[in-house]
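For reference, query-v7.csv (CSV, C-alpha atoms and all ligand atoms):
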```
chain,number,residue,atom,x,y,z
X,768,MET,CA,0.0,-1.7,-27.0
X,769,LYS,CA,-0.9,-5.0,-28.6
X,770,ILE,CA,-4.0,-5.2,-30.8
X,771,THR,CA,-5.4,-8.7,-31.6
X,772,PHE,CA,-7.7,-9.1,-34.5
X,773,THR,CA,-10.6,-11.6,-34.9
X,774,LYS,CA,-10.0,-14.5,-37.3
X,775,ASP,CA,-12.4,-13.0,-39.9
X,776,ALA,CA,-11.0,-9.4,-39.7
X,777,GLY,CA,-10.2,-7.9,-43.1
X,778,PRO,CA,-7.6,-5.2,-44.1
X,779,GLU,CA,-10.1,-2.5,-43.3
X,780,ALA,CA,-9.8,-3.3,-39.6
X,781,LEU,CA,-6.1,-2.6,-39.7
X,782,ALA,CA,-6.8,0.6,-41.7
X,783,ARG,CA,-9.2,1.8,-39.1
X,784,VAL,CA,-6.8,1.0,-36.3
X,785,ARG,CA,-4.1,3.0,-38.2
X,786,ALA,CA,-6.4,5.9,-38.6
X,787,ALA,CA,-7.3,5.9,-34.9
X,788,LEU,CA,-3.6,6.0,-33.9
X,789,PRO,CA,-2.1,9.0,-35.7
X,790,GLY,CA,1.7,9.2,-35.2
X,791,ALA,CA,1.9,5.6,-33.9
X,792,ARG,CA,4.4,3.1,-35.2
X,793,LEU,CA,2.5,0.0,-36.2
X,794,SER,CA,4.1,-3.4,-36.8
X,795,ARG,CA,2.3,-6.6,-37.7
X,796,VAL,CA,2.6,-9.5,-35.2
X,797,ALA,CA,1.1,-13.0,-35.3
X,798,ALA,CA,-2.6,-12.4,-34.8
X,799,GLY,CA,-2.6,-8.6,-34.8
X,800,ALA,CA,-0.4,-5.6,-34.5
X,801,GLU,CA,1.8,-3.9,-32.0
X,802,ALA,CA,1.6,-0.1,-31.7
X,803,ARG,CA,4.2,2.3,-30.3
X,804,LEU,CA,2.4,5.5,-29.4
X,805,PRO,CA,4.1,8.9,-29.5
X,806,ARG,CA,2.6,9.6,-26.1
X,807,PRO,CA,2.4,6.3,-24.2
X,808,SER,CA,0.2,7.7,-21.4
X,809,ALA,CA,-2.6,8.2,-24.1
X,810,ALA,CA,-2.9,4.4,-24.3
X,811,GLY,CA,-5.5,4.2,-21.6
X,812,LEU,CA,-7.8,6.6,-23.5
X,813,LEU,CA,-7.2,5.0,-26.9
X,814,ALA,CA,-7.6,1.3,-25.9
X,815,PRO,CA,-11.4,1.3,-25.4
X,816,LEU,CA,-11.9,3.2,-28.7
X,817,LEU,CA,-9.8,0.6,-30.6
X,818,GLU,CA,-11.8,-2.1,-29.0
X,819,ASN,CA,-14.9,-0.6,-30.7
X,820,ILE,CA,-13.5,-1.2,-34.1
X,821,PRO,CA,-15.1,-4.3,-35.8
X,822,GLY,CA,-12.5,-6.9,-36.3
X,823,VAL,CA,-10.5,-6.0,-33.2
X,824,ALA,CA,-10.7,-8.8,-30.7
X,825,SER,CA,-8.8,-7.2,-27.8
X,826,VAL,CA,-6.3,-4.5,-26.9
X,827,SER,CA,-3.7,-5.1,-24.2
X,828,LEU,CA,-1.4,-2.6,-22.6
X,829,SER,CA,1.9,-3.2,-21.0
X,830,ASP,CA,2.5,-2.3,-17.3
X,831,ALA,CA,4.6,0.6,-18.5
X,832,GLU,CA,1.8,1.9,-20.8
X,833,LEU,CA,-0.8,1.5,-18.1
X,834,CYS,CA,1.2,2.9,-15.2
X,835,PRO,CA,4.1,5.0,-16.7
X,836,LEU,CA,4.9,6.7,-13.4
X,837,ALA,CA,4.7,3.7,-11.2
X,838,CYS,CA,6.8,1.6,-13.6
X,839,ALA,CA,9.4,4.3,-14.4
X,840,ARG,CA,12.9,3.0,-13.7
X,841,GLY,CA,15.1,4.5,-11.1
X,842,ASP,CA,15.6,4.4,-7.3
X,843,LYS,CA,12.3,5.2,-5.7
X,844,SER,CA,13.1,4.6,-2.1
X,845,PHE,CA,13.3,7.6,0.1
X,846,SER,CA,15.0,8.5,3.3
X,847,SER,CA,12.5,10.7,5.1
X,848,PRO,CA,10.3,10.3,7.1
X,849,LEU,CA,11.1,6.6,6.8
X,850,ASP,CA,14.6,5.5,6.0
X,851,PHE,CA,14.2,3.1,3.2
X,852,LYS,CA,17.6,4.1,1.8
X,853,SER,CA,19.6,2.4,4.5
X,854,LYS,CA,19.7,-1.4,4.3
X,855,LYS,CA,17.8,-2.2,7.5
X,856,PRO,CA,14.1,-3.0,7.2
X,857,VAL,CA,11.7,-0.3,8.3
X,858,PHE,CA,9.4,-1.2,11.2
X,859,ILE,CA,6.1,0.6,11.7
X,860,ALA,CA,4.5,-0.7,14.9
X,861,GLY,CA,1.7,0.1,17.2
X,862,PRO,CA,-1.7,-1.0,18.2
X,863,CYS,CA,-4.4,-1.4,15.6
X,864,ALA,CA,-6.0,1.8,16.8
X,865,VAL,CA,-5.2,4.5,19.3
X,866,GLU,CA,-7.4,3.8,22.3
X,867,ASP,CA,-6.3,4.5,25.9
X,868,GLU,CA,-3.9,7.4,26.1
X,869,GLU,CA,-1.7,6.1,28.8
X,870,LEU,CA,-1.3,2.7,27.2
X,871,TYR,CA,-0.7,4.2,23.8
X,872,LEU,CA,2.1,6.4,25.0
X,873,ALA,CA,3.7,3.7,27.1
X,874,SER,CA,3.5,1.3,24.1
X,875,ALA,CA,5.0,4.0,21.8
X,876,LEU,CA,8.0,4.4,24.1
X,877,ALA,CA,8.5,0.7,24.5
X,878,LEU,CA,8.2,0.1,20.8
X,879,LYS,CA,10.8,2.7,20.1
X,880,ALA,CA,13.2,1.0,22.5
X,881,ALA,CA,12.4,-2.3,20.8
X,882,GLY,CA,13.4,-1.1,17.4
X,883,ALA,CA,10.3,0.7,15.8
X,884,HIS,CA,11.1,3.4,13.3
X,885,ALA,CA,7.5,4.8,13.1
X,886,LEU,CA,4.2,4.4,15.0
X,887,ARG,CA,0.9,3.1,13.8
X,888,ALA,CA,-1.4,5.9,14.9
X,889,ALA,CA,-4.9,5.2,13.6
X,890,LEU,CA,-7.7,7.4,14.8
X,891,PHE,CA,-10.4,6.3,12.3
X,892,LYS,CA,-11.0,2.6,11.7
X,893,PRO,CA,-12.8,1.4,8.6
X,894,ARG,CA,-14.7,-1.5,10.2
X,895,SER,CA,-16.8,-4.1,8.4
X,896,SER,CA,-19.5,-3.8,11.0
X,897,PRO,CA,-21.1,-0.4,11.8
X,898,TYR,CA,-21.5,-1.6,15.4
X,899,ALA,CA,-17.7,-2.3,15.9
X,900,PHE,CA,-15.4,0.2,17.5
X,901,GLN,CA,-14.8,3.0,14.9
X,902,GLY,CA,-11.7,4.6,16.4
X,903,VAL,CA,-11.3,7.5,18.8
X,904,GLY,CA,-11.5,10.0,16.0
X,905,TRP,CA,-10.3,13.6,16.3
X,906,PRO,CA,-9.8,13.7,20.1
X,907,GLY,CA,-7.0,11.2,19.4
X,908,LEU,CA,-5.0,13.8,17.4
X,909,ARG,CA,-3.7,15.2,20.7
X,910,ILE,CA,-2.6,11.8,21.8
X,911,ILE,CA,-0.7,10.9,18.7
X,912,ALA,CA,0.9,14.4,18.6
X,913,LYS,CA,2.1,13.7,22.2
X,914,ALA,CA,3.5,10.3,21.2
X,915,LYS,CA,5.4,11.9,18.4
X,916,LYS,CA,6.9,14.5,20.7
X,917,LEU,CA,7.7,11.9,23.3
X,918,THR,CA,9.4,9.4,21.0
X,919,GLY,CA,10.5,11.5,18.1
X,920,LEU,CA,9.1,8.8,15.8
X,921,PRO,CA,7.0,9.6,12.7
X,922,LEU,CA,3.3,8.8,12.7
X,923,VAL,CA,1.6,6.6,10.2
X,924,THR,CA,-2.2,7.3,10.1
X,925,GLU,CA,-5.0,6.1,8.0
X,926,ALA,CA,-7.3,8.5,6.3
X,927,VAL,CA,-10.6,7.0,5.4
X,928,ASP,CA,-12.2,10.1,3.9
X,929,THR,CA,-11.1,13.0,1.7
X,930,ARG,CA,-12.3,15.4,4.4
X,931,GLN,CA,-9.8,14.0,6.9
X,932,VAL,CA,-6.7,14.4,4.8
X,933,GLY,CA,-5.7,18.0,5.5
X,934,ARG,CA,-6.2,17.9,9.2
X,935,LEU,CA,-4.3,14.5,9.5
X,936,ALA,CA,-1.6,15.7,7.2
X,937,ALA,CA,-0.9,18.6,9.5
X,938,VAL,CA,0.2,16.3,12.3
X,939,CYS,CA,1.0,12.9,10.7
X,940,ASP,CA,4.0,12.1,8.6
X,941,VAL,CA,2.7,9.3,6.5
X,942,LEU,CA,-0.9,8.9,5.3
X,943,GLN,CA,-2.0,5.3,5.1
X,944,ILE,CA,-4.5,4.3,2.5
X,945,GLY,CA,-6.1,1.1,3.8
X,946,ALA,CA,-7.1,-2.0,1.9
X,947,ARG,CA,-10.8,-0.9,1.6
X,948,ASN,CA,-9.8,2.4,0.1
X,949,MET,CA,-7.2,1.3,-2.4
X,950,ARG,CA,-9.9,1.8,-5.0
X,951,ASN,CA,-11.2,5.1,-3.6
X,952,TYR,CA,-9.7,7.3,-6.3
X,953,GLU,CA,-10.8,10.6,-4.9
X,954,LEU,CA,-9.1,9.8,-1.6
X,955,LEU,CA,-6.0,8.8,-3.5
X,956,LYS,CA,-5.9,12.2,-5.3
X,957,GLU,CA,-6.5,14.1,-2.0
X,958,ALA,CA,-3.8,12.1,-0.2
X,959,ALA,CA,-1.4,12.7,-3.1
X,960,ARG,CA,-2.0,16.4,-3.0
X,961,SER,CA,-1.3,16.7,0.7
X,962,GLY,CA,2.5,16.6,0.2
X,963,ARG,CA,2.8,13.8,2.8
X,964,ALA,CA,4.4,10.5,2.2
X,965,VAL,CA,1.8,7.8,1.4
X,966,LEU,CA,1.6,4.2,2.3
X,967,LEU,CA,-0.7,2.3,0.0
X,968,LYS,CA,-2.1,-1.1,1.0
X,969,ARG,CA,-3.1,-3.6,-1.6
X,970,GLY,CA,-6.9,-3.9,-1.6
X,971,MET,CA,-8.4,-7.2,-0.7
X,972,ARG,CA,-8.3,-9.5,-3.8
X,973,ALA,CA,-6.8,-6.7,-5.8
X,974,THR,CA,-4.6,-7.7,-8.7
X,975,LEU,CA,-1.1,-6.5,-9.3
X,976,ARG,CA,-2.4,-4.2,-12.0
X,977,GLU,CA,-5.1,-2.7,-9.8
X,978,TRP,CA,-2.6,-2.0,-7.1
X,979,LEU,CA,-0.1,-0.5,-9.6
X,980,LEU,CA,-2.9,1.7,-11.0
X,981,SER,CA,-3.7,3.0,-7.5
X,982,ALA,CA,0.0,3.8,-7.1
X,983,GLU,CA,-0.2,5.6,-10.4
X,984,TYR,CA,-3.1,7.8,-9.2
X,985,LEU,CA,-0.9,8.8,-6.2
X,986,LEU,CA,2.1,9.6,-8.3
X,987,LYS,CA,0.1,11.4,-11.0
X,988,TYR,CA,-1.6,13.7,-8.5
X,989,GLY,CA,1.6,14.7,-6.7
X,990,ALA,CA,2.8,12.1,-4.2
X,991,ARG,CA,6.6,12.2,-4.2
X,992,ARG,CA,7.2,9.6,-1.5
X,993,LEU,CA,5.3,6.4,-1.8
X,994,ALA,CA,5.6,3.0,-0.3
X,995,LEU,CA,3.3,0.0,-0.8
X,996,CYS,CA,2.1,-2.6,1.7
X,997,GLU,CA,0.9,-6.2,1.1
X,998,ARG,CA,-1.7,-7.1,3.7
X,999,GLY,CA,-3.2,-10.3,2.3
X,1000,ASP,CA,-6.8,-11.2,1.3
X,1001,SER,CA,-9.8,-11.7,3.5
X,1002,LEU,CA,-10.8,-15.1,2.3
X,1003,SER,CA,-8.2,-17.0,4.3
X,1004,LEU,CA,-9.2,-20.0,6.2
X,1005,PRO,CA,-8.5,-19.7,9.9
X,1006,GLY,CA,-4.9,-20.6,10.4
X,1007,HIS,CA,-4.0,-20.2,6.8
X,1008,PRO,CA,-2.6,-16.7,6.3
X,1009,VAL,CA,-2.6,-15.4,2.8
X,1010,LEU,CA,0.0,-12.7,2.6
X,1011,ASP,CA,0.9,-12.9,-1.1
X,1012,LEU,CA,4.7,-12.8,-1.1
X,1013,ASP,CA,5.0,-13.5,-4.8
X,1014,LEU,CA,2.9,-10.5,-5.5
X,1015,LEU,CA,5.0,-8.4,-3.0
X,1016,ARG,CA,8.2,-9.4,-4.9
X,1017,ALA,CA,6.6,-8.7,-8.3
X,1018,VAL,CA,5.3,-5.3,-7.4
X,1019,LYS,CA,8.6,-4.4,-6.0
X,1020,LYS,CA,10.4,-5.5,-9.1
X,1021,ILE,CA,8.1,-3.7,-11.5
X,1022,SER,CA,7.7,-0.5,-9.6
X,1023,GLY,CA,11.0,-0.1,-7.7
X,1024,LEU,CA,8.9,1.2,-4.8
X,1025,PRO,CA,9.6,0.1,-1.3
X,1026,VAL,CA,7.1,-2.6,-0.3
X,1027,LEU,CA,6.2,-3.4,3.3
X,1028,ALA,CA,4.3,-6.4,4.6
X,1029,ASP,CA,1.5,-6.3,7.1
X,1030,PRO,CA,1.6,-9.7,8.8
X,1031,SER,CA,-1.1,-8.8,11.3
X,1032,HIS,CA,-4.2,-8.5,9.1
X,1033,ALA,CA,-3.1,-11.4,7.0
X,1034,SER,CA,-3.0,-13.8,10.0
X,1035,ARG,CA,-5.5,-12.6,12.6
X,1036,ASP,CA,-3.5,-14.4,15.2
X,1037,ARG,CA,-0.5,-13.1,17.1
X,1038,GLN,CA,1.6,-16.3,16.8
X,1039,LEU,CA,1.0,-16.6,13.1
X,1040,ALA,CA,1.6,-12.9,12.7
X,1041,ALA,CA,5.1,-13.2,14.3
X,1042,ALA,CA,6.0,-16.2,12.0
X,1043,LEU,CA,4.6,-14.4,9.0
X,1044,ALA,CA,6.6,-11.3,9.8
X,1045,VAL,CA,9.9,-13.2,9.7
X,1046,LYS,CA,8.8,-15.0,6.5
X,1047,ALA,CA,7.9,-11.7,4.7
X,1048,LEU,CA,11.2,-10.1,5.6
X,1049,ARG,CA,13.1,-13.1,4.4
X,1050,ALA,CA,11.1,-13.0,1.2
X,1051,GLY,CA,12.3,-9.5,0.5
X,1052,ALA,CA,9.8,-7.1,2.2
X,1053,ASP,CA,11.4,-3.7,2.9
X,1054,GLY,CA,9.8,-3.6,6.3
X,1055,LEU,CA,6.7,-4.3,8.4
X,1056,LEU,CA,3.5,-2.6,9.4
X,1057,MET,CA,2.8,-4.6,12.5
X,1058,GLU,CA,0.2,-4.4,15.3
X,1059,ALA,CA,2.1,-4.5,18.6
X,1060,SER,CA,1.3,-3.1,22.0
X,1061,LEU,CA,2.2,-3.5,25.7
X,1062,ASP,CA,-1.1,-5.0,26.4
X,1063,PRO,CA,-2.9,-6.6,23.4
X,1064,LEU,CA,-5.5,-8.1,25.7
X,1065,ARG,CA,-7.0,-4.7,26.4
X,1066,ALA,CA,-7.5,-3.8,22.7
X,1067,LYS,CA,-11.0,-3.1,21.5
X,1068,VAL,CA,-9.9,-4.0,18.0
X,1069,ASP,CA,-7.6,-6.7,16.6
X,1070,GLY,CA,-6.2,-7.7,20.0
X,1071,ARG,CA,-5.8,-11.3,19.0
X,1072,GLN,CA,-3.4,-10.5,16.1
X,1073,THR,CA,-1.5,-7.9,18.1
X,1074,VAL,CA,1.9,-9.0,19.3
X,1075,THR,CA,3.4,-8.0,22.5
X,1076,VAL,CA,6.3,-5.5,22.5
X,1077,GLU,CA,8.6,-8.4,23.6
X,1078,THR,CA,7.7,-10.4,20.5
X,1079,PHE,CA,8.1,-7.4,18.3
X,1080,LYS,CA,11.5,-6.8,19.8
X,1081,THR,CA,12.6,-10.4,19.0
X,1082,ILE,CA,11.4,-10.0,15.4
X,1083,ALA,CA,13.1,-6.6,14.9
X,1084,GLY,CA,16.3,-7.9,16.6
X,1085,LYS,CA,16.6,-10.6,14.0
X,1086,PHE,CA,16.8,-8.1,11.2
X,1087,LEU,CA,18.1,-4.8,12.5
X,1088,CYS,CA,21.7,-3.9,11.7
X,1089,LYS,CA,23.7,-4.3,14.9
X,1090,PRO,CA,25.7,-1.2,15.6
X,1091,ARG,CA,29.5,-1.7,15.1
X,1092,ILE,CA,31.6,-1.4,18.2
X,1101,LIG,C1,-4.9,-1.2,9.4
X,1101,LIG,O1,-3.7,-1.4,9.0
X,1101,LIG,O2,-5.1,-0.5,10.3
X,1101,LIG,C2,-6.0,-1.7,8.6
X,1101,LIG,C3,-7.2,-1.2,8.8
X,1101,LIG,O3,-5.7,-2.6,7.7
X,1101,LIG,P1,-6.4,-2.9,6.3
X,1101,LIG,O4,-6.7,-1.7,5.6
X,1101,LIG,O5,-5.3,-3.7,5.6
X,1101,LIG,O6,-7.6,-3.8,6.6
X,1102,MN,MN,-6.1,-3.9,12.7
```

Target encoding structure tokens, full file:
Amino acid sequence: MKITFTKDAGPEALARVRAALPGARLSRVAAGAEARLPRPSAAGLLAPLLENIPGVASVSLSDAELCPLACARGDKSFSSPLDFKSKKPVFIAGPCAVEDEELYLASALALKAAGAHALRAALFKPRSSPYAFQGVGWPGLRIIAKAKKLTGLPLVTEAVDTRQVGRLAAVCDVLQIGARNMRNYELLKEAARSGRAVLLKRGMRATLREWLLSAEYLLKYGARRLALCERGDSLSLPGHPVLDLDLLRAVKKISGLPVLADPSHASRDRQLAAALAVKALRAGADGLLMEASLDPLRAKVDGRQTVTVETFKTIAGKFLCKPRI
């Protein structure tokens, strides 16, 4: 924790800081002091109190003080239900939303054959417009359960509300927290408590720290298997996808968590999505969350950015380990 003093701060400012941090080791640095706390996770509670002290200009915390669990060292990849432990990238594919049963099941089988390791299986869609298709809802649970049985692939499903978590977790293997809900802390807690693996997307325009802090919520409240997903921001000009690959690499390095890329929502165009998918994997993404279906032109939502199974197969084929003969 770094405490910076104002230019006119007197010795009493340092004395008050010292008194507010019992047990901490304080050392003077250029314009202030550096404090090592006996309990680093207390930094978040103490920082605002220190900032109230006259003569303190600012208090800054390191990533490790702010997010001790997310920044803890060690291998955080997991092998179930998604195999991040092996070297191959992990491919989660499927239409934006579950819609027509027959098309969903046929797409699921075709995507498995094309190299998918898990299925996108969204029943509830968080839409910007209340008039847009909101997802098939609970009747779709039967459809995705059928797809799981048919393909043997794990299901990745977005929960948009705390009340959905238990029922979704009973059938789905990975709970997705979407961009709009990255900052929905009650939903993060509930998803963490479910015992399921969680896929946490970066919220639109969220900073690295905000993203890490949301990951910290999940870890603090019990999530044991966590992967992140970079999905870009919503301010892109048409034709200029904004998947932040620098941020993707940075969060991977700091947290050690597996990090996927979602090229679909960053591009809003299936040709761009295909190109972005390859770029993201070459940049070090651990896999993709990608919209793909046998018939994107029938989709009620995000059809234009949904690639065909053929295109998905070409992308996956470039990166999947070829079996040795
Ligand atoms: C999705 O992946 O289905 C989705 C809604 O994406 P995002 O939360 O990134 O907008
Ligand atoms: Mn979508």

Where does chain X meet ligand MN 1102 (chain X) within 12 Å, residue by residue, with the nearest atom pair and distance in Å to one decimal for each, counting all atoms listed in the file, listed by chain and rising number, as JSON lines?
```
{"residue": "X:Ala860", "atom": "CA", "partner": "X:MN1102", "partner_atom": "MN", "distance": 11.3}
{"residue": "X:Gly861", "atom": "CA", "partner": "X:MN1102", "partner_atom": "MN", "distance": 9.9}
{"residue": "X:Pro862", "atom": "CA", "partner": "X:MN1102", "partner_atom": "MN", "distance": 7.6}
{"residue": "X:Cys863", "atom": "CA", "partner": "X:MN1102", "partner_atom": "MN", "distance": 4.2}
{"residue": "X:Ala864", "atom": "CA", "partner": "X:MN1102", "partner_atom": "MN", "distance": 7.0}
{"residue": "X:Val865", "atom": "CA", "partner": "X:MN1102", "partner_atom": "MN", "distance": 10.7}
{"residue": "X:Arg887", "atom": "CA", "partner": "X:MN1102", "partner_atom": "MN", "distance": 10.0}
{"residue": "X:Ala888", "atom": "CA", "partner": "X:MN1102", "partner_atom": "MN", "distance": 11.1}
{"residue": "X:Ala889", "atom": "CA", "partner": "X:MN1102", "partner_atom": "MN", "distance": 9.2}
{"residue": "X:Leu890", "atom": "CA", "partner": "X:MN1102", "partner_atom": "MN", "distance": 11.6}
{"residue": "X:Phe891", "atom": "CA", "partner": "X:MN1102", "partner_atom": "MN", "distance": 11.1}
{"residue": "X:Lys892", "atom": "CA", "partner": "X:MN1102", "partner_atom": "MN", "distance": 8.2}
{"residue": "X:Pro893", "atom": "CA", "partner": "X:MN1102", "partner_atom": "MN", "distance": 9.5}
{"residue": "X:Arg894", "atom": "CA", "partner": "X:MN1102", "partner_atom": "MN", "distance": 9.3}
{"residue": "X:Ser895", "atom": "CA", "partner": "X:MN1102", "partner_atom": "MN", "distance": 11.5}
{"residue": "X:Phe900", "atom": "CA", "partner": "X:MN1102", "partner_atom": "MN", "distance": 11.2}
{"residue": "X:Gln901", "atom": "CA", "partner": "X:MN1102", "partner_atom": "MN", "distance": 11.3}
{"residue": "X:Gly902", "atom": "CA", "partner": "X:MN1102", "partner_atom": "MN", "distance": 10.8}
{"residue": "X:Glu925", "atom": "CA", "partner": "X:MN1102", "partner_atom": "MN", "distance": 11.1}
{"residue": "X:Gly945", "atom": "CA", "partner": "X:MN1102", "partner_atom": "MN", "distance": 10.2}
{"residue": "X:Ala946", "atom": "CA", "partner": "X:MN1102", "partner_atom": "MN", "distance": 11.0}
{"residue": "X:Arg998", "atom": "CA", "partner": "X:MN1102", "partner_atom": "MN", "distance": 10.5}
{"residue": "X:Asp1029", "atom": "CA", "partner": "X:MN1102", "partner_atom": "MN", "distance": 9.7}
{"residue": "X:Pro1030", "atom": "CA", "partner": "X:MN1102", "partner_atom": "MN", "distance": 10.4}
{"residue": "X:Ser1031", "atom": "CA", "partner": "X:MN1102", "partner_atom": "MN", "distance": 7.1}
{"residue": "X:His1032", "atom": "CA", "partner": "X:MN1102", "partner_atom": "MN", "distance": 6.1}
{"residue": "X:Ala1033", "atom": "CA", "partner": "X:MN1102", "partner_atom": "MN", "distance": 9.9}
{"residue": "X:Ser1034", "atom": "CA", "partner": "X:MN1102", "partner_atom": "MN", "distance": 10.7}
{"residue": "X:Arg1035", "atom": "CA", "partner": "X:MN1102", "partner_atom": "MN", "distance": 8.7}
{"residue": "X:Asp1036", "atom": "CA", "partner": "X:MN1102", "partner_atom": "MN", "distance": 11.1}
{"residue": "X:Arg1037", "atom": "CA", "partner": "X:MN1102", "partner_atom": "MN", "distance": 11.6}
{"residue": "X:Ala1040", "atom": "CA", "partner": "X:MN1102", "partner_atom": "MN", "distance": 11.8}
{"residue": "X:Leu1056", "atom": "CA", "partner": "X:MN1102", "partner_atom": "MN", "distance": 10.2}
{"residue": "X:Met1057", "atom": "CA", "partner": "X:MN1102", "partner_atom": "MN", "distance": 8.9}
{"residue": "X:Glu1058", "atom": "CA", "partner": "X:MN1102", "partner_atom": "MN", "distance": 6.8}
{"residue": "X:Ala1059", "atom": "CA", "partner": "X:MN1102", "partner_atom": "MN", "distance": 10.1}
{"residue": "X:Ser1060", "atom": "CA", "partner": "X:MN1102", "partner_atom": "MN", "distance": 11.9}
{"residue": "X:Pro1063", "atom": "CA", "partner": "X:MN1102", "partner_atom": "MN", "distance": 11.5}
{"residue": "X:Ala1066", "atom": "CA", "partner": "X:MN1102", "partner_atom": "MN", "distance": 10.1}
{"residue": "X:Lys1067", "atom": "CA", "partner": "X:MN1102", "partner_atom": "MN", "distance": 10.1}
{"residue": "X:Val1068", "atom": "CA", "partner": "X:MN1102", "partner_atom": "MN", "distance": 6.5}
{"residue": "X:Asp1069", "atom": "CA", "partner": "X:MN1102", "partner_atom": "MN", "distance": 5.0}
{"residue": "X:Gly1070", "atom": "CA", "partner": "X:MN1102", "partner_atom": "MN", "distance": 8.2}
{"residue": "X:Arg1071", "atom": "CA", "partner": "X:MN1102", "partner_atom": "MN", "distance": 9.7}
{"residue": "X:Gln1072", "atom": "CA", "partner": "X:MN1102", "partner_atom": "MN", "distance": 7.9}
{"residue": "X:Thr1073", "atom": "CA", "partner": "X:MN1102", "partner_atom": "MN", "distance": 8.1}
{"residue": "X:Val1074", "atom": "CA", "partner": "X:MN1102", "partner_atom": "MN", "distance": 11.6}
```

Restricting the calculation to all atoms listed in the file, which member of X:Ala973, X:Val796, X:Ala839, X:Leu816 is positioned closest to ligand LIG 1101 (chain X)?
X:Ala973

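Every protein, DNA or RNA residue with an atom at most 9 Å from Ala1028 in chain X, where only C-alpha atoms count and chain neighbours fewer than 6 positions away do not, is listed here: X:Leu995, X:Cys996, X:Glu997, X:Arg998, X:Gly999, X:Leu1010, X:Leu1012, X:Leu1015, X:Ala1044, X:Ala1047, X:Leu1048, X:Ala1052, X:Asp1053, X:Gly1054, X:Leu1055, X:Leu1056, X:Met1057.
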
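Among the candidate residues X:Ser961, X:Ser981, X:Gln943, X:Thr1075, the one lying nearest to ligand LIG 1101 (chain X) is X:Gln943, with distances computed using only C-alpha atoms and all ligand atoms.
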
Name the closest residue to ligand LIG 1101 (chain X) among the candidates X:Arg972, X:Lys1085, X:Arg1049, X:Lys843; distances are taken between atoms, counting all atoms listed in the file.
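Distance minimum relative to ligand LIG 1101 (chain X) lands on X:Arg972.
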
Calculate how many Å separate CA of Leu1004 in chain X from CA of Val1026 in chain X, rounding to one decimal.
24.7 Å

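For the choices X:Leu870, X:Leu935, X:Ala791, X:Leu942, the atom-to-atom distance to ligand LIG 1101 (chain X) is smallest for X:Leu942 when using all atoms listed in the file.
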
From the list X:Ala810, X:Ala831, X:Val1076, X:Leu1064, which residue is nearest Ala1041 in chain X when using only C-alpha atoms?
X:Val1076

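For the atom pair formed by CA of Arg785 in chain X and CA of Ile770 in chain X, the distance is 11.0 Å, given to one decimal.
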
Extract, using all atoms listed in the file, all DNA, RNA and protein residues at most 8 Å from Leu1024 in chain X, discarding same-chain residues fewer than 5 positions from it, and format them as a VMD selection string.
chain X and resid 842 to 844 993 to 995 1018 to 1019

Have a look at X:Ala926, X:Ala787, X:Cys1088, X:Leu1039 and name the one nearest to ligand LIG 1101 (chain X); count all atoms listed in the file.
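Of X:Ala926, X:Ala787, X:Cys1088, X:Leu1039, the one nearest ligand LIG 1101 (chain X) is X:Ala926, counting all atoms listed in the file.
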
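Of note, CA of Asp1000 in chain X and atom C3 of ligand LIG 1101 (chain X) are spaced 12.5 Å apart.
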
I'd like the neighbourhood of Ala881 in chain X as a list in words, where a residue qualifies if any of its atoms comes within 9 Å (using all atoms listed in the file), though same-chain residues fewer than 6 positions away should be ignored.
Val1076, Glu1077, Phe1079, Lys1080, Thr1081, Ala1083 and Gly1084 of chain X

Might you pull out every residue within 12 Å of Glu869 in chain X, with only C-alpha atoms counted and same-chain residues fewer than 4 positions away left off, and present them as a ChimeraX atom specification?
/X:865,873-876,907,910-911,913-914,1060-1062

Given the point (13.7, 9.6, 10.3) in the file's coordinates, find the residues that have an atom at most 8 Å from it, counting only C-alpha atoms, and give them as a PyMOL selection string.
chain X and resi 846-850+884+920-921
